[in-house]
file coords-v6.csv (CSV, C-alpha atoms and all ligand atoms)
chain,number,residue,atom,x,y,z
A,1,MET,CA,100.2,238.2,-184.5
A,2,GLU,CA,102.1,236.9,-187.6
A,3,GLY,CA,99.5,236.6,-190.4
A,4,ALA,CA,96.8,238.6,-188.7
A,5,LYS,CA,94.8,241.1,-190.7
A,6,ILE,CA,93.7,244.7,-189.7
A,7,GLY,CA,90.7,246.3,-191.5
A,8,TYR,CA,90.6,250.1,-192.0
A,9,LEU,CA,88.7,252.8,-193.9
A,10,GLY,CA,90.4,252.9,-197.4
A,11,PRO,CA,91.3,253.2,-200.1
A,12,ARG,CA,95.0,253.7,-199.7
A,13,GLY,CA,96.0,257.3,-198.7
A,14,SER,CA,93.2,257.8,-196.2
A,15,PHE,CA,93.9,259.3,-192.7
A,16,SER,CA,93.0,255.9,-191.3
A,17,GLU,CA,95.7,254.2,-193.3
A,18,GLU,CA,98.2,257.0,-192.4
A,19,ALA,CA,97.4,256.6,-188.7
A,20,LEU,CA,97.5,252.8,-188.9
A,21,LEU,CA,101.0,252.9,-190.5
A,22,SER,CA,102.1,255.2,-187.8
A,23,PHE,CA,100.6,253.0,-185.1
A,24,LEU,CA,102.3,249.9,-186.5
A,25,GLN,CA,105.7,251.7,-186.8
A,26,ARG,CA,105.6,252.9,-183.2
A,27,GLY,CA,107.1,249.7,-181.9
A,28,ASN,CA,103.9,247.9,-181.2
A,29,GLY,CA,105.8,244.7,-181.4
A,30,ASP,CA,102.6,242.7,-180.9
A,31,PHE,CA,101.6,243.7,-184.4
A,32,ARG,CA,104.7,242.6,-186.3
A,33,GLY,CA,103.9,240.7,-189.5
A,34,VAL,CA,100.2,241.9,-189.8
A,35,SER,CA,98.7,242.9,-193.1
A,36,ALA,CA,96.1,245.7,-193.7
A,37,GLU,CA,92.9,245.6,-195.8
A,38,GLY,CA,91.1,248.8,-196.8
A,39,PHE,CA,87.2,248.8,-196.7
A,40,ALA,CA,84.9,251.3,-198.4
A,41,THR,CA,83.3,252.4,-195.1
A,42,ILE,CA,84.0,252.3,-191.4
A,43,ALA,CA,80.9,250.1,-190.9
A,44,GLN,CA,82.3,247.5,-193.3
A,45,ALA,CA,85.6,247.4,-191.5
A,46,ILE,CA,83.9,246.9,-188.1
A,47,HIS,CA,81.4,244.3,-189.4
A,48,ALA,CA,84.3,242.4,-191.2
A,49,CYS,CA,86.0,242.2,-187.8
A,50,GLY,CA,82.8,241.1,-186.0
A,51,GLU,CA,82.4,238.3,-188.6
A,52,LYS,CA,86.1,237.4,-188.2
A,53,ARG,CA,86.9,238.1,-191.9
A,54,VAL,CA,89.7,240.3,-190.4
A,55,ASP,CA,91.2,240.0,-186.9
A,56,TRP,CA,91.1,243.6,-186.0
A,57,ALA,CA,89.5,246.9,-187.2
A,58,PHE,CA,91.4,250.2,-186.8
A,59,VAL,CA,88.8,253.0,-186.9
A,60,PRO,CA,88.5,256.8,-186.0
A,61,LEU,CA,86.4,257.5,-182.9
A,62,GLU,CA,86.6,261.2,-182.3
A,63,ASN,CA,88.3,264.4,-183.6
A,64,SER,CA,89.4,267.4,-181.5
A,65,THR,CA,87.6,269.8,-183.9
A,66,GLU,CA,84.6,267.9,-185.3
A,67,GLY,CA,83.8,265.6,-182.4
A,68,GLN,CA,82.5,262.0,-182.4
A,69,VAL,CA,82.6,259.7,-185.5
A,70,SER,CA,79.1,258.5,-185.0
A,71,MET,CA,79.4,255.5,-187.5
A,72,THR,CA,82.1,254.1,-185.3
A,73,LEU,CA,80.2,254.6,-182.0
A,74,ASP,CA,77.1,253.0,-183.4
A,75,CYS,CA,78.8,250.0,-185.0
A,76,VAL,CA,81.0,249.3,-182.0
A,77,ALA,CA,78.0,249.4,-179.7
A,78,GLU,CA,76.0,247.1,-182.0
A,79,ARG,CA,78.7,244.4,-182.3
A,80,GLU,CA,78.6,242.8,-178.9
A,81,GLU,CA,81.5,240.5,-179.6
A,82,LEU,CA,83.9,243.3,-180.2
A,83,LEU,CA,86.2,245.0,-177.6
A,84,ILE,CA,88.5,248.0,-177.8
A,85,TYR,CA,92.1,246.8,-177.4
A,86,GLU,CA,94.0,250.0,-177.9
A,87,GLU,CA,93.6,253.7,-178.6
A,88,PHE,CA,95.9,255.8,-180.8
A,89,VAL,CA,95.9,259.6,-181.1
A,90,HIS,CA,97.1,260.9,-184.5
A,91,PRO,CA,97.6,264.5,-185.7
A,92,VAL,CA,95.5,265.3,-188.7
A,93,SER,CA,96.8,267.8,-191.3
A,94,GLN,CA,94.3,268.5,-194.1
A,95,CYS,CA,95.5,269.5,-197.5
A,96,LEU,CA,93.9,271.1,-200.5
A,97,LEU,CA,94.7,268.9,-203.5
A,98,THR,CA,94.1,269.4,-207.2
A,99,LEU,CA,95.2,267.7,-210.4
A,100,ARG,CA,96.9,270.8,-211.8
A,101,PRO,CA,97.9,274.2,-210.3
A,102,LEU,CA,94.7,276.4,-209.8
A,103,GLY,CA,93.8,279.6,-208.0
A,104,PHE,CA,91.3,279.1,-205.2
A,105,GLU,CA,88.8,281.2,-207.2
A,106,GLN,CA,89.0,278.7,-210.1
A,107,ILE,CA,87.9,275.7,-208.1
A,108,ARG,CA,84.3,274.7,-208.9
A,109,ARG,CA,83.8,271.7,-206.6
A,110,VAL,CA,85.5,270.3,-203.5
A,111,TYR,CA,85.3,266.6,-202.5
A,112,SER,CA,86.0,265.2,-199.0
A,113,HIS,CA,84.7,263.1,-196.1
A,114,PRO,CA,82.2,264.8,-193.8
A,115,GLN,CA,85.0,265.0,-191.1
A,116,GLY,CA,87.3,266.8,-193.6
A,117,PHE,CA,84.6,269.4,-194.4
A,118,GLY,CA,83.8,269.9,-190.8
A,119,GLN,CA,87.5,270.3,-189.8
A,120,CYS,CA,88.1,272.9,-192.6
A,121,ARG,CA,84.7,274.8,-192.3
A,122,ASP,CA,86.2,278.3,-191.8
A,123,PHE,CA,88.9,277.8,-194.5
A,124,LEU,CA,86.2,276.7,-197.0
A,125,GLU,CA,83.9,279.6,-196.1
A,126,THR,CA,86.7,282.1,-196.5
A,127,HIS,CA,88.5,280.9,-199.6
A,128,LEU,CA,86.2,278.5,-201.5
A,129,SER,CA,82.7,279.8,-200.9
A,130,GLN,CA,82.0,279.6,-204.6
A,131,ALA,CA,82.7,275.9,-204.8
A,132,ASP,CA,80.1,273.1,-204.4
A,133,GLN,CA,80.9,270.5,-201.8
A,134,THR,CA,80.5,266.7,-202.5
A,135,VAL,CA,80.7,264.2,-199.6
A,136,CYS,CA,82.8,261.1,-200.2
A,137,ARG,CA,83.2,257.9,-198.1
A,138,SER,CA,86.8,258.9,-197.2
A,139,THR,CA,89.2,261.7,-198.0
A,140,ALA,CA,91.3,259.2,-200.1
A,141,GLU,CA,88.3,258.4,-202.2
A,142,ALA,CA,87.9,262.2,-202.7
A,143,ALA,CA,91.5,262.4,-203.9
A,144,ARG,CA,91.0,259.5,-206.3
A,145,ILE,CA,87.9,261.1,-207.8
A,146,VAL,CA,89.8,264.4,-208.3
A,147,ALA,CA,92.7,262.6,-209.9
A,148,GLU,CA,90.5,260.8,-212.4
A,149,SER,CA,88.9,264.0,-213.8
A,150,ASP,CA,90.3,267.0,-215.6
A,151,GLN,CA,87.6,269.3,-214.1
A,152,ALA,CA,88.6,272.2,-211.8
A,153,TRP,CA,87.9,270.1,-208.7
A,154,ALA,CA,89.8,269.8,-205.4
A,155,ALA,CA,90.0,267.3,-202.6
A,156,ILE,CA,90.5,268.0,-198.9
A,157,ALA,CA,92.7,265.0,-198.0
A,158,PRO,CA,96.0,264.0,-196.5
A,159,ARG,CA,99.3,264.9,-198.2
A,160,ARG,CA,100.0,261.2,-198.7
A,161,ALA,CA,97.0,260.9,-201.0
A,162,ALA,CA,98.5,263.6,-203.3
A,163,ASP,CA,101.7,261.4,-203.6
A,164,LEU,CA,99.7,258.2,-204.2
A,165,TYR,CA,97.2,259.6,-206.8
A,166,GLY,CA,99.5,262.1,-208.6
A,167,LEU,CA,97.9,265.3,-207.2
A,168,GLN,CA,99.4,268.7,-206.4
A,169,CYS,CA,99.2,270.1,-202.9
A,170,LEU,CA,97.9,273.7,-203.3
A,171,GLU,CA,97.9,274.3,-199.5
A,172,GLN,CA,98.8,272.2,-196.5
A,173,GLY,CA,97.3,272.5,-193.0
A,174,VAL,CA,94.0,274.0,-194.1
A,175,GLN,CA,92.1,272.7,-191.0
A,176,ASP,CA,90.7,275.4,-188.8
A,177,ASN,CA,92.4,274.1,-185.6
A,178,LYS,CA,96.2,273.8,-186.0
A,179,ASP,CA,96.2,271.1,-183.2
A,180,ASN,CA,93.7,269.0,-185.0
A,181,THR,CA,93.9,265.4,-183.8
A,182,THR,CA,91.8,262.2,-184.2
A,183,ARG,CA,91.6,259.4,-181.7
A,184,PHE,CA,91.5,256.0,-183.4
A,185,ILE,CA,90.7,252.7,-181.7
A,186,LEU,CA,91.8,249.2,-182.5
A,187,VAL,CA,88.9,246.8,-181.9
A,188,GLY,CA,89.2,243.0,-181.8
A,189,HIS,CA,87.9,239.9,-180.0
A,190,CYS,CA,89.9,239.9,-176.7
A,191,LEU,CA,89.9,241.8,-173.5
A,192,ARG,CA,93.3,243.6,-172.9
A,193,GLU,CA,95.2,242.5,-169.8
A,194,LEU,CA,95.8,245.1,-167.0
A,195,SER,CA,98.6,247.5,-167.8
A,196,GLY,CA,98.4,249.7,-164.6
A,197,LEU,CA,97.5,252.9,-166.6
A,198,ASP,CA,94.2,251.9,-168.0
A,199,LYS,CA,90.9,253.4,-169.0
A,200,THR,CA,87.5,251.6,-169.4
A,201,SER,CA,85.0,252.4,-172.1
A,202,LEU,CA,81.3,251.6,-171.3
A,203,PHE,CA,78.0,251.8,-173.2
A,204,MET,CA,75.0,252.5,-171.0
A,205,ARG,CA,71.3,252.8,-171.3
A,206,ILE,CA,69.6,254.5,-168.3
A,207,GLU,CA,66.0,255.1,-167.3
A,208,ASP,CA,64.4,258.3,-168.4
A,209,SER,CA,63.6,259.6,-165.0
A,210,PRO,CA,64.7,262.7,-163.0
A,211,GLY,CA,68.3,262.5,-161.7
A,212,SER,CA,69.1,259.1,-163.4
A,213,LEU,CA,72.1,260.5,-165.2
A,214,CYS,CA,73.3,262.3,-162.1
A,215,ARG,CA,73.0,259.0,-160.0
A,216,MET,CA,74.9,257.1,-162.7
A,217,LEU,CA,77.8,259.6,-162.6
A,218,GLN,CA,77.7,259.6,-158.8
A,219,GLU,CA,78.5,255.9,-158.6
A,220,PHE,CA,81.9,256.6,-160.2
A,221,ALA,CA,82.5,260.0,-158.4
A,222,SER,CA,81.8,258.6,-154.9
A,223,ARG,CA,84.4,255.9,-155.5
A,224,GLY,CA,87.1,258.3,-156.7
A,225,ILE,CA,86.8,257.0,-160.3
A,226,ASN,CA,87.7,259.8,-162.8
A,227,LEU,CA,85.3,260.3,-165.7
A,228,THR,CA,87.2,261.3,-168.8
A,229,LYS,CA,84.5,261.4,-171.4
A,230,ILE,CA,80.7,261.2,-171.8
A,231,GLU,CA,79.0,261.2,-175.1
A,232,SER,CA,75.3,260.7,-175.9
A,233,ARG,CA,73.7,259.2,-179.0
A,234,PRO,CA,70.0,258.8,-179.8
A,235,ALA,CA,68.8,255.4,-178.6
A,236,LYS,CA,67.3,254.9,-182.1
A,237,GLY,CA,63.8,254.5,-180.6
A,238,ARG,CA,61.6,257.4,-179.6
A,239,LEU,CA,62.8,261.0,-180.0
A,240,GLY,CA,64.4,262.1,-176.7
A,241,GLU,CA,65.7,258.6,-175.7
A,242,TYR,CA,69.5,258.5,-175.4
A,243,VAL,CA,72.3,256.0,-174.8
A,244,PHE,CA,75.7,257.0,-173.3
A,245,PHE,CA,79.3,256.3,-174.1
A,246,VAL,CA,81.4,256.8,-171.0
A,247,ASP,CA,85.1,256.6,-170.5
A,248,VAL,CA,86.5,256.3,-166.9
A,249,ASP,CA,90.1,255.9,-165.6
A,250,GLY,CA,91.0,252.4,-164.3
A,251,TYR,CA,90.8,248.8,-165.2
A,252,VAL,CA,87.5,247.0,-165.4
A,253,PHE,CA,88.4,244.4,-162.8
A,254,ALA,CA,89.7,246.9,-160.2
A,255,PRO,CA,87.6,246.5,-157.0
A,256,GLU,CA,86.2,250.0,-157.0
A,257,MET,CA,85.2,249.7,-160.7
A,258,GLN,CA,83.5,246.4,-160.0
A,259,GLU,CA,81.6,248.0,-157.1
A,260,ALA,CA,80.5,250.9,-159.3
A,261,LEU,CA,79.3,248.6,-162.1
A,262,TRP,CA,77.4,246.3,-159.7
A,263,ALA,CA,75.7,249.4,-158.1
A,264,LEU,CA,74.7,250.6,-161.5
A,265,LYS,CA,73.3,247.2,-162.5
A,266,LYS,CA,71.2,247.1,-159.3
A,267,ASN,CA,69.8,250.5,-160.3
A,268,ARG,CA,68.6,249.0,-163.6
A,269,VAL,CA,71.3,250.7,-165.8
A,270,ALA,CA,72.1,248.4,-168.8
A,271,ILE,CA,75.8,248.3,-169.2
A,272,ARG,CA,78.1,246.8,-171.9
A,273,LEU,CA,81.8,246.8,-171.6
A,274,LEU,CA,83.4,248.3,-174.7
A,275,GLY,CA,86.9,247.6,-173.5
A,276,SER,CA,89.6,248.3,-170.9
A,277,TYR,CA,93.0,249.3,-172.4
A,278,PRO,CA,96.0,251.5,-171.8
A,279,ARG,CA,95.5,255.3,-171.8
A,280,GLN,CA,97.6,256.6,-174.7
A,281,MET,CA,98.3,260.0,-173.0
A,282,ASP,CA,100.0,258.1,-170.1
A,283,ILE,CA,102.0,255.9,-172.5
A,284,ASP,CA,103.3,259.0,-174.3
A,285,GLU,CA,104.3,260.7,-171.1
A,286,SER,CA,106.2,257.7,-169.8
A,287,ARG,CA,108.3,257.4,-173.0
B,301,LIG,O1,88.5,260.0,-194.6
B,301,LIG,C1,89.5,259.5,-194.1
B,301,LIG,O2,90.6,259.7,-194.6
B,301,LIG,C2,89.5,258.8,-192.8
B,301,LIG,O3,90.3,258.0,-192.5
B,301,LIG,C3,88.3,259.1,-191.9
B,301,LIG,C4,88.5,260.2,-190.9
B,301,LIG,C5,87.4,260.3,-189.9
B,301,LIG,O4,86.3,259.7,-190.0
B,301,LIG,O5,87.6,261.0,-188.9
B,301,LIG,C6,89.8,260.0,-190.1
B,301,LIG,C7,90.6,261.0,-189.7
B,301,LIG,C8,90.3,262.4,-190.0
B,301,LIG,O6,89.6,262.9,-188.8
B,301,LIG,C9,89.4,262.6,-191.1
B,301,LIG,C10,88.6,261.5,-191.6
call {"tool": "encode", "arguments": {"input": "coords-v6.csv", "output": "structure tokens", "more": "lines below"}}
Ligand SMILES: O=C(O)C(=O)C[C@]1(C(=O)O)C=C[C@@H](O)C=C1
result
Amino acid sequence: MEGAKIGYLGPRGSFSEEALLSFLQRGNGDFRGVSAEGFATIAQAIHACGEKRVDWAFVPLENSTEGQVSMTLDCVAEREELLIYEEFVHPVSQCLLTLRPLGFEQIRRVYSHPQGFGQCRDFLETHLSQADQTVCRSTAEAARIVAESDQAWAAIAPRRAADLYGLQCLEQGVQDNKDNTTRFILVGHCLRELSGLDKTSLFMRIEDSPGSLCRMLQEFASRGINLTKIESRPAKGRLGEYVFFVDVDGYVFAPEMQEALWALKKNRVAIRLLGSYPRQMDIDESR
């Protein structure tokens, strides 16, 4: 992978960068010698990968408190040439950062990414209900804005952003759920080979008819294939039409998986493979 480039949501100091550095350090020998490029939005990072301006995109997919990152789901589904190659679960500790020491009651405005606000909802309601909230494209952008002003403003962002932008950390771990974690995915242009402990991610569009979702799930259940996630998103057509993001245990070319996928296709379910890759939980347990 020498010379390969990975796109992520920047600028430097974002959770995406923190998670990417940790992913690269964890002995993913495959990725030795790669460089990273920060993009202003998740969509830009994914489209840059689709257009081969970077080789990979490392993007957040879901958070244990706030749920799905819809920009990632939508863009990955849209770019048919991209496949998920790996997943990475990263702990997320949100911090309240300011330029100079302030009491909570002095803070007039808080900047963060929508995920940052969502993950700290109770903390903000309890301690900073007087402050306005301004949404930014990343928590690191929020930290940068606060660092460039002498107003009584704060950012909800990673500790690393305080060090990079010269901010004080008024309080660490301000997220409502102490076990707050975000699942990131690395997307690229190739299908991962079988590891033996795999999961498969699928994007599906089913008919709007009684029992169609139930029949779709039954094709997996009847073959002993474990469903680990199902997420719906609007189909972006008429109100009430949905598409589904489904994760199941097993590799895409396993015989029972192929049988299930053929049965679904016969039943007019439109399916796109989003990737087949090692399950991180199993990798962690086997270390
Ligand atoms: O804003 C950032 O720092 C990001 O990297 C984005 C993001 C996300 O979209 O989920 C990543 C991890 C955390 O859950 C909070 C924000």
call {"tool": "residues_near_ligand", "arguments": {"input": "coords-v6.csv", "ligand": "ligand LIG 301 (chain B)", "cutoff": "7 Å", "atoms": "only C-alpha atoms and all ligand atoms", "output": "list in words"}}
result
Leu9, Ser14, Phe15, Ser16, Glu17, Pro60, Glu62, Asn63, Val69, Val92, His113, Gln115, Gly116, Arg137, Ser138, Thr139, Ala140, Ala157 and Thr182 of chain A
call {"tool": "residues_around", "arguments": {"input": "coords-v6.csv", "residues": "Leu213 of chain A", "least_positions_apart": "3", "cutoff": "12 Å", "atoms": "only C-alpha atoms", "output": "list in words"}}
result
Met204, Arg205, Ile206, Glu207, Asp208, Ser209, Pro210, Met216, Leu217, Gln218, Glu219, Phe220, Ile230, Ser232, Tyr242, Val243, Phe244, Val246, Leu264, Asn267 and Val269 of chain A
call {"tool": "atom_distance", "arguments": {"input": "coords-v6.csv", "atom1": "atom CA of Arg223 of chain A", "atom2": "atom CA of Val252 of chain A"}}
result
13.7 Å
call {"tool": "atom_distance", "arguments": {"input": "coords-v6.csv", "atom1": "atom CA of Gln133 of chain A", "atom2": "atom CA of Leu20 of chain A"}}
result
27.5 Å
call {"tool": "closest_residue", "arguments": {"input": "coords-v6.csv", "among": "A:Glu256, A:Glu105, A:Glu241, A:Asp55", "to": "Leu82 of chain A", "atoms": "only C-alpha atoms"}}
result
A:Asp55
call {"tool": "atom_distance", "arguments": {"input": "coords-v6.csv", "atom1": "atom CA of Leu128 of chain A", "atom2": "atom CA of Arg144 of chain A"}}
result
20.2 Å
call {"tool": "decode", "arguments": {"input": "coords-v6.csv", "residues": "segment 105-224 of chain A", "atoms": "C-alpha atoms", "output": "CSV table (one decimal), in the first residue's frame"}}
result
chain,number,residue,atom,x,y,z
A,105,GLU,CA,-22.7,29.8,33.0
A,106,GLN,CA,-20.4,32.3,31.1
A,107,ILE,CA,-20.5,30.3,27.9
A,108,ARG,CA,-22.7,32.0,25.2
A,109,ARG,CA,-22.4,29.7,22.3
A,110,VAL,CA,-21.4,26.0,21.7
A,111,TYR,CA,-20.0,24.7,18.4
A,112,SER,CA,-20.0,21.1,17.3
A,113,HIS,CA,-20.9,18.5,14.7
A,114,PRO,CA,-24.5,17.2,14.9
A,115,GLN,CA,-23.2,13.9,16.3
A,116,GLY,CA,-21.4,15.8,19.0
A,117,PHE,CA,-24.5,17.7,20.0
A,118,GLY,CA,-26.6,14.5,19.9
A,119,GLN,CA,-24.1,12.5,22.0
A,120,CYS,CA,-24.0,15.3,24.7
A,121,ARG,CA,-27.7,16.2,24.7
A,122,ASP,CA,-28.3,15.7,28.5
A,123,PHE,CA,-25.0,17.4,29.5
A,124,LEU,CA,-25.9,20.5,27.3
A,125,GLU,CA,-29.5,20.7,28.7
A,126,THR,CA,-28.3,20.4,32.3
A,127,HIS,CA,-25.2,22.7,32.2
A,128,LEU,CA,-25.3,24.9,29.2
A,129,SER,CA,-29.0,25.5,28.5
A,130,GLN,CA,-28.3,29.3,28.2
A,131,ALA,CA,-25.9,28.8,25.3
A,132,ASP,CA,-26.8,28.9,21.6
A,133,GLN,CA,-25.8,25.9,19.5
A,134,THR,CA,-24.1,26.2,16.1
A,135,VAL,CA,-23.6,23.2,13.9
A,136,CYS,CA,-20.3,22.7,12.2
A,137,ARG,CA,-19.1,20.2,9.5
A,138,SER,CA,-16.8,18.5,12.1
A,139,THR,CA,-15.9,18.7,15.7
A,140,ALA,CA,-12.4,19.8,14.7
A,141,GLU,CA,-13.8,22.7,12.6
A,142,ALA,CA,-15.8,23.7,15.8
A,143,ALA,CA,-12.6,23.7,17.8
A,144,ARG,CA,-10.8,25.8,15.1
A,145,ILE,CA,-13.6,28.4,15.1
A,146,VAL,CA,-13.5,28.7,18.9
A,147,ALA,CA,-9.7,29.1,18.8
A,148,GLU,CA,-9.9,31.9,16.3
A,149,SER,CA,-12.3,34.1,18.4
A,150,ASP,CA,-12.0,35.8,21.8
A,151,GLN,CA,-15.8,35.4,22.4
A,152,ALA,CA,-17.1,33.3,25.3
A,153,TRP,CA,-17.6,30.3,23.0
A,154,ALA,CA,-17.0,26.6,23.5
A,155,ALA,CA,-16.6,23.5,21.3
A,156,ILE,CA,-17.6,19.9,21.9
A,157,ALA,CA,-14.7,18.1,20.3
A,158,PRO,CA,-11.9,15.6,21.0
A,159,ARG,CA,-9.1,16.3,23.5
A,160,ARG,CA,-6.7,16.1,20.6
A,161,ALA,CA,-8.3,19.2,19.0
A,162,ALA,CA,-7.5,21.2,22.2
A,163,ASP,CA,-3.8,20.3,21.9
A,164,LEU,CA,-3.8,21.1,18.1
A,165,TYR,CA,-5.7,24.4,18.3
A,166,GLY,CA,-4.4,25.7,21.7
A,167,LEU,CA,-7.7,25.3,23.6
A,168,GLN,CA,-8.3,24.5,27.3
A,169,CYS,CA,-10.3,21.4,28.2
A,170,LEU,CA,-12.9,22.5,30.7
A,171,GLU,CA,-14.3,19.0,31.1
A,172,GLN,CA,-13.6,15.7,29.6
A,173,GLY,CA,-16.0,12.8,28.9
A,174,VAL,CA,-19.1,15.1,28.6
A,175,GLN,CA,-21.0,12.6,26.4
A,176,ASP,CA,-24.2,11.2,28.0
A,177,ASN,CA,-23.2,7.5,27.6
A,178,LYS,CA,-19.8,6.7,29.1
A,179,ASP,CA,-19.5,3.7,26.7
A,180,ASN,CA,-19.9,6.0,23.6
A,181,THR,CA,-18.4,4.3,20.6
A,182,THR,CA,-18.5,5.0,16.8
A,183,ARG,CA,-18.1,2.4,14.1
A,184,PHE,CA,-16.0,3.6,11.2
A,185,ILE,CA,-15.6,1.9,7.8
A,186,LEU,CA,-12.8,1.9,5.3
A,187,VAL,CA,-14.2,1.9,1.8
A,188,GLY,CA,-12.2,1.3,-1.4
A,189,HIS,CA,-12.4,-0.4,-4.7
A,190,CYS,CA,-11.8,-4.1,-4.0
A,191,LEU,CA,-13.7,-6.9,-2.4
A,192,ARG,CA,-12.0,-8.3,0.7
A,193,GLU,CA,-10.9,-11.9,0.6
A,194,LEU,CA,-12.5,-14.5,2.9
A,195,SER,CA,-11.1,-14.3,6.5
A,196,GLY,CA,-13.4,-16.9,8.1
A,197,LEU,CA,-14.9,-14.4,10.6
A,198,ASP,CA,-16.8,-12.2,8.1
A,199,LYS,CA,-19.9,-10.1,7.8
A,200,THR,CA,-21.6,-9.0,4.7
A,201,SER,CA,-23.3,-5.6,4.3
A,202,LEU,CA,-26.1,-5.3,1.8
A,203,PHE,CA,-28.3,-2.4,0.4
A,204,MET,CA,-31.8,-3.6,-0.5
A,205,ARG,CA,-34.9,-2.2,-2.0
A,206,ILE,CA,-38.0,-4.3,-1.6
A,207,GLU,CA,-41.6,-4.0,-2.9
A,208,ASP,CA,-44.1,-2.1,-0.8
A,209,SER,CA,-46.4,-5.0,-0.2
A,210,PRO,CA,-47.7,-6.9,2.9
A,211,GLY,CA,-45.1,-9.2,4.4
A,212,SER,CA,-42.3,-8.2,2.0
A,213,LEU,CA,-39.8,-7.2,4.8
A,214,CYS,CA,-40.7,-10.4,6.7
A,215,ARG,CA,-40.1,-12.6,3.6
A,216,MET,CA,-36.7,-10.8,3.0
A,217,LEU,CA,-35.6,-11.6,6.6
A,218,GLN,CA,-36.9,-15.1,6.3
A,219,GLU,CA,-34.5,-15.9,3.5
A,220,PHE,CA,-31.6,-15.4,5.9
A,221,ALA,CA,-33.2,-16.9,9.0
A,222,SER,CA,-34.3,-20.1,7.2
A,223,ARG,CA,-30.6,-20.7,6.2
A,224,GLY,CA,-29.3,-20.0,9.7
